[in-house]
Every structure is written in structure tokens, then in C-alpha cells.
file start-v6.tsv (TSV, C-alpha atoms)
chain	number	residue	atom	x	y	z
A	1369	MET	CA	21.88	1.99	-21.31
A	1370	ALA	CA	21.11	-0.39	-18.41
A	1371	MET	CA	20.57	0.94	-14.90
A	1372	THR	CA	23.08	0.00	-12.21
A	1373	PHE	CA	23.05	0.00	-8.42
A	1374	ASP	CA	25.10	3.20	-8.60
A	1375	ASP	CA	22.16	4.79	-10.48
A	1376	VAL	CA	19.74	3.43	-7.88
A	1377	ASP	CA	21.95	4.82	-5.11
A	1378	ALA	CA	22.04	8.26	-6.74
A	1379	ILE	CA	18.25	8.36	-7.01
A	1380	ALA	CA	17.51	6.98	-3.54
A	1381	THR	CA	20.08	9.00	-1.61
A	1382	SER	CA	18.82	12.23	-3.17
A	1383	LEU	CA	15.58	11.77	-1.21
A	1384	PRO	CA	15.19	13.35	2.25
A	1385	GLY	CA	16.00	11.16	5.25
A	1386	VAL	CA	17.35	8.21	3.26
A	1387	SER	CA	20.18	6.16	4.67
A	1388	VAL	CA	22.02	3.21	3.15
A	1389	GLY	CA	22.87	0.12	5.10
A	1390	ALA	CA	22.94	-3.63	4.85
A	1391	LYS	CA	20.04	-5.91	5.68
A	1392	TRP	CA	20.04	-9.62	4.93
A	1393	GLY	CA	23.58	-9.13	3.62
A	1394	ASN	CA	22.46	-6.78	0.83
A	1395	ARG	CA	22.65	-3.03	0.30
A	1396	THR	CA	19.38	-1.51	1.46
A	1397	TRP	CA	17.98	2.01	1.09
A	1398	MET	CA	15.99	3.00	4.19
A	1399	VAL	CA	13.82	5.65	5.78
A	1400	GLU	CA	13.96	5.55	9.60
A	1401	ASP	CA	15.69	2.15	9.42
A	1402	LYS	CA	12.87	0.66	7.31
A	1403	GLY	CA	13.93	-0.61	3.91
A	1404	PHE	CA	12.06	0.55	0.83
A	1405	ALA	CA	14.52	-0.74	-1.81
A	1406	TRP	CA	17.26	-3.33	-1.65
A	1407	GLN	CA	19.59	-5.48	-3.71
A	1408	ARG	CA	17.93	-8.87	-4.12
A	1409	PRO	CA	19.93	-11.49	-5.98
A	1410	LEU	CA	18.03	-14.67	-6.79
A	1411	ARG	CA	18.89	-17.45	-4.38
A	1412	LYS	CA	19.22	-21.15	-5.13
A	1413	ALA	CA	15.65	-21.83	-3.95
A	1414	ASP	CA	14.33	-19.01	-6.17
A	1415	LEU	CA	16.09	-20.47	-9.20
A	1416	GLU	CA	14.73	-23.95	-8.45
A	1417	ARG	CA	11.18	-22.58	-8.22
A	1418	LEU	CA	11.58	-20.96	-11.64
A	1419	GLY	CA	12.01	-24.42	-13.13
A	1420	ASP	CA	12.52	-24.25	-16.89
A	1421	GLU	CA	11.87	-20.49	-16.98
A	1422	ALA	CA	15.06	-18.56	-17.71
A	1423	PRO	CA	16.04	-16.42	-14.71
A	1424	PRO	CA	16.76	-12.73	-15.23
A	1425	THR	CA	20.42	-11.89	-15.61
A	1426	GLY	CA	22.30	-9.06	-13.99
A	1427	ASP	CA	21.50	-6.94	-10.97
A	1428	ILE	CA	18.08	-7.25	-9.36
A	1429	LEU	CA	16.48	-4.56	-7.24
A	1430	ALA	CA	13.54	-5.16	-4.91
A	1431	VAL	CA	11.20	-2.26	-4.12
A	1432	ARG	CA	8.27	-1.98	-1.76
A	1433	VAL	CA	4.87	-1.10	-3.17
A	1434	GLU	CA	1.92	0.45	-1.38
A	1435	SER	CA	-0.21	-2.69	-1.24
A	1436	LEU	CA	-0.77	-6.09	-2.79
A	1437	ASP	CA	-3.35	-4.49	-5.11
A	1438	ALA	CA	-0.72	-1.98	-6.26
A	1439	LYS	CA	1.69	-4.87	-6.83
A	1440	ASP	CA	-0.86	-6.75	-8.92
A	1441	ALA	CA	-1.65	-3.62	-10.95
A	1442	LEU	CA	2.02	-2.91	-11.59
A	1443	LEU	CA	2.71	-6.48	-12.69
A	1444	GLU	CA	-0.39	-6.36	-14.92
A	1445	ILE	CA	1.02	-3.30	-16.69
A	1446	ALA	CA	4.23	-5.34	-17.10
A	1447	PRO	CA	6.92	-2.68	-17.45
A	1448	PRO	CA	10.07	-4.26	-18.91
A	1449	GLY	CA	12.18	-5.95	-16.23
A	1450	PHE	CA	9.53	-5.96	-13.48
A	1451	PHE	CA	8.61	-9.36	-12.05
A	1452	THR	CA	7.96	-11.33	-8.88
A	1453	ILE	CA	8.85	-14.74	-7.50
A	1454	ALA	CA	7.11	-17.23	-5.23
A	1455	HIS	CA	9.10	-15.99	-2.23
A	1456	PHE	CA	7.36	-12.61	-2.56
A	1457	LYS	CA	3.82	-14.04	-2.68
A	1458	GLY	CA	1.70	-12.07	-0.23
A	1459	TYR	CA	4.42	-9.43	0.26
A	1460	PRO	CA	4.02	-5.90	-1.13
A	1461	ALA	CA	7.19	-5.69	-3.21
A	1462	VAL	CA	8.31	-6.32	-6.78
A	1463	LEU	CA	11.65	-7.22	-8.30
A	1464	ILE	CA	13.31	-5.30	-11.10
A	1465	ALA	CA	15.93	-6.73	-13.43
A	1466	LEU	CA	17.91	-3.53	-13.90
A	1467	ARG	CA	19.43	-4.69	-17.18
A	1468	LYS	CA	15.96	-4.90	-18.81
A	1469	ALA	CA	14.17	-2.03	-17.08
A	1470	ARG	CA	13.73	1.49	-18.39
A	1471	ALA	CA	15.39	4.18	-16.28
A	1472	LYS	CA	12.15	6.18	-15.94
A	1473	ASP	CA	10.31	3.10	-14.62
A	1474	VAL	CA	13.04	2.32	-12.08
A	1475	ARG	CA	13.11	5.95	-10.94
A	1476	ALA	CA	9.32	5.96	-10.54
A	1477	ALA	CA	9.38	2.66	-8.62
A	1478	ILE	CA	12.03	3.98	-6.22
A	1479	LEU	CA	10.10	7.22	-5.65
A	1480	ASP	CA	6.84	5.32	-5.10
A	1481	ALA	CA	8.55	2.91	-2.68
A	1482	TYR	CA	10.06	5.82	-0.76
A	1483	ARG	CA	6.73	7.70	-0.57
A	1484	SER	CA	4.89	4.56	0.47
A	1485	MET	CA	7.33	3.82	3.29
A	1486	ALA	CA	7.52	7.45	4.42
A	1487	SER	CA	3.72	7.77	4.56
A	1488	MET	CA	3.41	4.44	6.38
A	1489	LEU	CA	5.90	5.62	9.00
A	1490	ALA	CA	4.19	9.01	9.31
A	1491	ALA	CA	0.83	7.29	9.90
A	1492	LYS	CA	2.16	5.24	12.84
A	1493	PRO	CA	1.72	6.87	16.24
A	1494	ALA	CA	4.87	7.64	18.17
A	1495	SER	CA	6.02	4.51	19.92
A	1496	ARG	CA	5.16	4.29	23.58
A	1497	SER	CA	6.24	1.89	26.25
A	1498	ARG	CA	3.93	-1.03	27.00
A	1499	LYS	CA	2.80	0.46	30.33
A	1500	GLN	CA	2.00	3.81	28.75
A	1501	SER	CA	-0.04	2.24	25.96
A	1502	ARG	CA	-2.46	0.50	28.34
A	1503	SER	CA	-5.53	2.45	29.24
A	1504	PRO	CA	-6.34	2.60	32.97
A	1505	SER	CA	-9.69	0.88	32.44
A	1506	LYS	CA	-8.06	-2.11	30.68
A	1507	ALA	CA	-5.41	-2.42	33.38
A	1508	ALA	CA	-8.08	-2.29	36.10
A	1509	SER	CA	-10.14	-4.91	34.28
A	1510	ARG	CA	-7.15	-7.25	34.06
A	1511	SER	CA	-6.42	-6.72	37.75
A	1512	ARG	CA	-10.05	-7.58	38.69
A	1513	LYS	CA	-9.90	-10.72	36.53
A	1514	ARG	CA	-6.69	-11.84	38.25
A	1515	ARG	CA	-8.18	-11.29	41.70
A	1516	ARG	CA	-11.30	-13.25	40.78
A	1517	SER	CA	-9.35	-16.20	39.37
A	1518	SER	CA	-7.03	-16.36	42.37
A	1519	SER	CA	-9.92	-16.34	44.87
A	1520	LYS	CA	-11.57	-19.40	43.33
call {"tool": "encode", "arguments": {"input": "start-v6.tsv", "output": "C-alpha cells"}}
result
Amino acid sequence: MAMTFDDVDAIATSLPGVSVGAKWGNRTWMVEDKGFAWQRPLRKADLERLGDEAPPTGDILAVRVESLDAKDALLEIAPPGFFTIAHFKGYPAVLIALRKARAKDVRAAILDAYRSMASMLAAKPASRSRKQSRSPSKAASRSRKRRRSSSK
């Protein structure tokens, strides 16, 4: 039986800290307001770039992957329903035609996307204001440079 966005929602919202919202006009599953999976219908430009290739039918899910290498490896394995488009070139995400994909592969992709985003957020230092992030020595150096340039 084909996966649906209701199945995706059940998997994603069972994970800690996940919220659901809309980004780019599509339902998006997020951790700390950062999307890791989202509805991604093919747009007119996407269909034109496909040329004579038949576009996937049905619902399409986009999921983040850890890196471009991970994306390439996943696409090399070629699980049913997984693909990419020119718009995603250089971006660490893959598309999944839910109608063709196996439930276990979709579940694994959602979990991997969630873990990847959660670990990326955990690795970032707590945000600080611009003034706090400057070290005193850098600020003093900039001040000296300004004084020198204004005295010339």
C-alpha cells in the first residue's frame, strides 16, 4: 500500500521536538523551526526540465540528507521512488515519490533527516548578539584601523 502524507505526519510527529508548519506554501516538518521534511510538488519549471522523462505521479516528499555525499550514495542505491531534480543540484536533499516508495525506506529517510537536522542544530553554538560575538582584540584592531585611515 502506498505511503501518504498522513503516514509521513504520523512518523515525523512521533519524534521529539517536531512541529508542523508551512514553508514555501507546503506542509513542513521541523525541529527548532528548521525543516527536515516537506511536501514538494513538482513545479512547472521542474516538469519542463524533465523533458521527455515521465514525471512521478502522486505525492512527493522532500527530505534533508546529511551531506551531498550521502545524497549521492542514497541515489546510487536507488531505492524505489527516490530521485532528485535539477533544482536540488548542490542541495543536500532528495525527493520521494510516495506512491512508489517502500514504507520502510520512507520511514528510514524521515528518521535520518530528523537526526541530521537535530545534530546540525546541536552542533551550532548558542546564538549571540553581534557585539557579544566580537572578541575585544578584533574590535580594538578595527578601531585602530579606523583611526589610522581617518588621520591620513
call {"tool": "residues_around", "arguments": {"input": "start-v6.tsv", "residues": "region 1464-1473 of chain A", "least_positions_apart": "2", "cutoff": "7 Å", "atoms": "all atoms listed in the file", "output": "list in words"}}
result
Ala1370, Met1371, Thr1372, Pro1424, Gly1426, Asp1427, Ile1428, Leu1429, Ala1430, Pro1448, Gly1449, Phe1450, Phe1451, Val1462, Arg1475, Ala1476 and Ala1477 of chain A
call {"tool": "residues_around", "arguments": {"input": "start-v6.tsv", "residues": "region 1396-1402 of chain A", "least_positions_apart": "2", "cutoff": "9 Å", "atoms": "only C-alpha atoms", "output": "list in words"}}
result
Asp1377, Ala1380, Thr1381, Pro1384, Gly1385, Val1386, Ser1387, Val1388, Gly1389, Ala1390, Lys1391, Trp1392, Gly1393, Asn1394, Phe1404, Ala1405, Trp1406, Gln1407, Tyr1482, Met1485, Ala1486 and Leu1489 of chain A
call {"tool": "atom_distance", "arguments": {"input": "start-v6.tsv", "atom1": "CA of Ala1422 (chain A)", "atom2": "CA of Ile1453 (chain A)"}}
result
12.5 Å
call {"tool": "atom_distance", "arguments": {"input": "start-v6.tsv", "atom1": "CA of Pro1460 (chain A)", "atom2": "CA of Ser1382 (chain A)"}}
result
23.5 Å
call {"tool": "atom_distance", "arguments": {"input": "start-v6.tsv", "atom1": "CA of Lys1412 (chain A)", "atom2": "CA of Ser1435 (chain A)"}}
result
27.1 Å
call {"tool": "closest_residue", "arguments": {"input": "start-v6.tsv", "among": "A:Arg1483, A:Arg1417, A:Lys1492, A:Lys1457", "to": "Val1433 (chain A)", "atoms": "all atoms listed in the file"}}
result
A:Arg1483
call {"tool": "decode", "arguments": {"input": "start-v6.tsv", "residues": "region 1392-1405 of chain A", "atoms": "N, CA and C atoms", "output": "mmCIF file, in the first residue's frame"}}
result
data_model
loop_
_atom_site.group_PDB
_atom_site.id
_atom_site.type_symbol
_atom_site.label_atom_id
_atom_site.label_comp_id
_atom_site.auth_asym_id
_atom_site.auth_seq_id
_atom_site.Cartn_x
_atom_site.Cartn_y
_atom_site.Cartn_z
ATOM 1 N N TRP A 1392 7.139 27.851 2.278
ATOM 2 C CA TRP A 1392 7.004 27.871 0.822
ATOM 3 C C TRP A 1392 5.631 27.370 0.381
ATOM 4 N N GLY A 1393 4.624 27.548 1.246
ATOM 5 C CA GLY A 1393 3.272 27.134 0.916
ATOM 6 C C GLY A 1393 3.008 25.647 1.045
ATOM 7 N N ASN A 1394 3.949 24.906 1.621
ATOM 8 C CA ASN A 1394 3.794 23.451 1.747
ATOM 9 C C ASN A 1394 3.973 23.017 3.193
ATOM 10 N N ARG A 1395 3.284 21.937 3.557
ATOM 11 C CA ARG A 1395 3.431 21.379 4.901
ATOM 12 C C ARG A 1395 4.882 20.965 5.103
ATOM 13 N N THR A 1396 5.430 21.387 6.254
ATOM 14 C CA THR A 1396 6.834 21.144 6.561
ATOM 15 C C THR A 1396 6.966 20.625 7.984
ATOM 16 N N TRP A 1397 7.769 19.588 8.154
ATOM 17 C CA TRP A 1397 8.069 19.031 9.472
ATOM 18 C C TRP A 1397 9.402 19.606 9.906
ATOM 19 N N MET A 1398 9.430 20.187 11.139
ATOM 20 C CA MET A 1398 10.585 20.968 11.577
ATOM 21 C C MET A 1398 11.070 20.585 12.970
ATOM 22 N N VAL A 1399 12.353 20.873 13.188
ATOM 23 C CA VAL A 1399 12.968 20.826 14.504
ATOM 24 C C VAL A 1399 13.520 22.230 14.716
ATOM 25 N N GLU A 1400 13.110 22.876 15.803
ATOM 26 C CA GLU A 1400 13.547 24.251 16.083
ATOM 27 C C GLU A 1400 13.373 25.152 14.861
ATOM 28 N N ASP A 1401 12.254 25.061 14.219
ATOM 29 C CA ASP A 1401 11.889 25.893 13.063
ATOM 30 C C ASP A 1401 12.755 25.651 11.825
ATOM 31 N N LYS A 1402 13.481 24.549 11.787
ATOM 32 C CA LYS A 1402 14.288 24.184 10.621
ATOM 33 C C LYS A 1402 13.684 22.931 9.997
ATOM 34 N N GLY A 1403 13.285 23.039 8.740
ATOM 35 C CA GLY A 1403 12.632 21.928 8.077
ATOM 36 C C GLY A 1403 13.565 20.772 7.768
ATOM 37 N N PHE A 1404 13.081 19.562 8.032
ATOM 38 C CA PHE A 1404 13.858 18.375 7.657
ATOM 39 C C PHE A 1404 13.089 17.507 6.655
ATOM 40 N N ALA A 1405 11.795 17.758 6.512
ATOM 41 C CA ALA A 1405 10.969 17.056 5.523
ATOM 42 C C ALA A 1405 9.814 17.978 5.138
#
